[in-house]
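*Asks:* Let me begin by handing over the structure; questions about it come next.
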Amino acid sequence: MNPFSYPAALRAAGAVVLGVDLVMAGKAENAFCNIRPPGHHAERGRAMGFCIFNNVAVGVAHALAQHGLKRVAIAD
């Protein structure tokens, strides 16, 4: 962790949200976010490793809340 970690994590999560919005609007067929920190180790209540936010969970929550989806499949 350093002074730049939190802003970088916010941008990474924001990239995922933007990717969801672009796909849902039909402006992109799919999205791949090559971001750092990746977010795959973060848990609901705590950061882990270099991951501050679970970016996949952020994207799913955004898709459910803003785009009216009922379910989202995650392939890992």
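Order determines the names: the first chain of the structure tokens is A, the second B, and so forth; residues in each chain are numbered 1 upward, and ligands are numbered 1 upward as they are shown.
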Name all residues at most 6 Å from segment 3-18 of chain A (count only C-alpha atoms; drop same-chain ones fewer than 4 positions away) and give them as a list in words.

*Replies:*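 My reading of the contact set: Ile35, Pro37, Asn55 and Gly59 of chain A.
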
*Asks:* DSSP on the backbone, then: every residue of chain A marked alpha helix (DSSP H), written as a PyMOL selection string.

*Replies:* chain A and resi 5-24+55-67

*Asks:* Using N, CA and C atoms, can you write the selected residues to a file as a short mmCIF file (atom, residue, chain, number, x, y, z; two decimals), in the first residue's frame?

*Replies:*
```cif
data_model
loop_
_atom_site.label_atom_id
_atom_site.label_comp_id
_atom_site.auth_asym_id
_atom_site.auth_seq_id
_atom_site.Cartn_x
_atom_site.Cartn_y
_atom_site.Cartn_z
N SER A 5 -2.47 3.90 -3.84
CA SER A 5 -3.23 2.65 -3.91
C SER A 5 -4.74 2.88 -3.97
N TYR A 6 -5.27 3.70 -3.07
CA TYR A 6 -6.72 3.91 -3.02
C TYR A 6 -7.23 4.57 -4.31
N PRO A 7 -6.62 5.66 -4.79
CA PRO A 7 -7.08 6.23 -6.06
C PRO A 7 -7.00 5.24 -7.22
N ALA A 8 -5.95 4.41 -7.24
CA ALA A 8 -5.83 3.40 -8.30
C ALA A 8 -6.95 2.39 -8.20
N ALA A 9 -7.29 1.97 -6.98
CA ALA A 9 -8.37 1.00 -6.78
C ALA A 9 -9.71 1.58 -7.21
N LEU A 10 -9.93 2.86 -6.93
CA LEU A 10 -11.18 3.51 -7.37
C LEU A 10 -11.26 3.54 -8.89
N ARG A 11 -10.16 3.84 -9.55
CA ARG A 11 -10.15 3.86 -11.02
C ARG A 11 -10.38 2.47 -11.60
N ALA A 12 -9.80 1.47 -10.96
CA ALA A 12 -9.98 0.09 -11.43
C ALA A 12 -11.45 -0.31 -11.33
N ALA A 13 -12.08 -0.03 -10.19
CA ALA A 13 -13.50 -0.35 -10.03
C ALA A 13 -14.34 0.46 -11.02
N GLY A 14 -13.96 1.71 -11.23
CA GLY A 14 -14.68 2.56 -12.18
C GLY A 14 -14.57 2.04 -13.60
N ALA A 15 -13.43 1.46 -13.95
CA ALA A 15 -13.27 0.88 -15.29
C ALA A 15 -14.24 -0.27 -15.49
N VAL A 16 -14.43 -1.07 -14.46
CA VAL A 16 -15.38 -2.19 -14.55
C VAL A 16 -16.80 -1.66 -14.72
N VAL A 17 -17.16 -0.65 -13.95
CA VAL A 17 -18.49 -0.05 -14.07
C VAL A 17 -18.69 0.51 -15.48
N LEU A 18 -17.71 1.20 -16.00
CA LEU A 18 -17.80 1.73 -17.36
C LEU A 18 -17.94 0.60 -18.38
N GLY A 19 -17.18 -0.47 -18.19
CA GLY A 19 -17.30 -1.62 -19.09
C GLY A 19 -18.70 -2.20 -19.09
N VAL A 20 -19.29 -2.34 -17.92
CA VAL A 20 -20.68 -2.83 -17.82
C VAL A 20 -21.62 -1.89 -18.56
N ASP A 21 -21.47 -0.58 -18.33
CA ASP A 21 -22.35 0.39 -18.98
C ASP A 21 -22.23 0.34 -20.50
N LEU A 22 -21.01 0.23 -21.02
CA LEU A 22 -20.81 0.19 -22.47
C LEU A 22 -21.44 -1.06 -23.09
N VAL A 23 -21.27 -2.19 -22.43
CA VAL A 23 -21.87 -3.43 -22.95
C VAL A 23 -23.39 -3.36 -22.88
N MET A 24 -23.91 -2.91 -21.76
CA MET A 24 -25.36 -2.86 -21.60
C MET A 24 -26.01 -1.86 -22.56
N ASN A 55 -13.50 -6.13 -7.77
CA ASN A 55 -14.02 -5.42 -8.94
C ASN A 55 -15.10 -6.19 -9.68
N VAL A 56 -15.03 -7.51 -9.68
CA VAL A 56 -16.09 -8.29 -10.31
C VAL A 56 -17.39 -8.09 -9.56
N ALA A 57 -17.33 -8.12 -8.23
CA ALA A 57 -18.53 -7.90 -7.42
C ALA A 57 -19.08 -6.49 -7.61
N VAL A 58 -18.19 -5.51 -7.75
CA VAL A 58 -18.62 -4.14 -8.01
C VAL A 58 -19.37 -4.07 -9.34
N GLY A 59 -18.82 -4.70 -10.37
CA GLY A 59 -19.47 -4.71 -11.68
C GLY A 59 -20.82 -5.40 -11.65
N VAL A 60 -20.90 -6.52 -10.96
CA VAL A 60 -22.17 -7.25 -10.84
C VAL A 60 -23.19 -6.42 -10.10
N ALA A 61 -22.80 -5.84 -8.97
CA ALA A 61 -23.73 -5.01 -8.20
C ALA A 61 -24.24 -3.84 -9.04
N HIS A 62 -23.36 -3.24 -9.82
CA HIS A 62 -23.76 -2.14 -10.70
C HIS A 62 -24.75 -2.62 -11.76
N ALA A 63 -24.45 -3.75 -12.38
CA ALA A 63 -25.34 -4.29 -13.41
C ALA A 63 -26.72 -4.58 -12.85
N LEU A 64 -26.78 -5.14 -11.65
CA LEU A 64 -28.07 -5.46 -11.03
C LEU A 64 -28.83 -4.19 -10.65
N ALA A 65 -28.13 -3.24 -10.08
CA ALA A 65 -28.79 -2.02 -9.58
C ALA A 65 -29.17 -1.04 -10.69
N GLN A 66 -28.31 -0.88 -11.70
CA GLN A 66 -28.52 0.17 -12.69
C GLN A 66 -29.11 -0.30 -14.01
N HIS A 67 -29.04 -1.58 -14.27
CA HIS A 67 -29.48 -2.06 -15.57
C HIS A 67 -30.63 -3.06 -15.50
#
```

*Asks:* Calculate how many Å separate atom CA of Ala25 of chain A from atom CA of Ala73 of chain A, rounding to one decimal.

*Replies:*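 Pair atom CA of Ala25 of chain A / atom CA of Ala73 of chain A returns 18.3 Å.
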
*Asks:* Rounded to one decimal, what separation in Å do you get between atom CA of Lys70 of chain A and atom CA of Cys51 of chain A?

*Replies:*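 Taking atom CA of Lys70 of chain A and atom CA of Cys51 of chain A, their separation equals 26.9 Å.
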
*Asks:* Distance atom CA of Asp76 of chain A-atom CA of His40 of chain A, one decimal place?

*Replies:* 10.1 Å

*Asks:* My list of candidates is A:Cys33, A:Val72, A:Ala28, A:Ala42. Which is closest to Asn54 of chain A when distances are computed with only C-alpha atoms?

*Replies:*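 With only C-alpha atoms as the atom set, the closest residue is A:Ala42.
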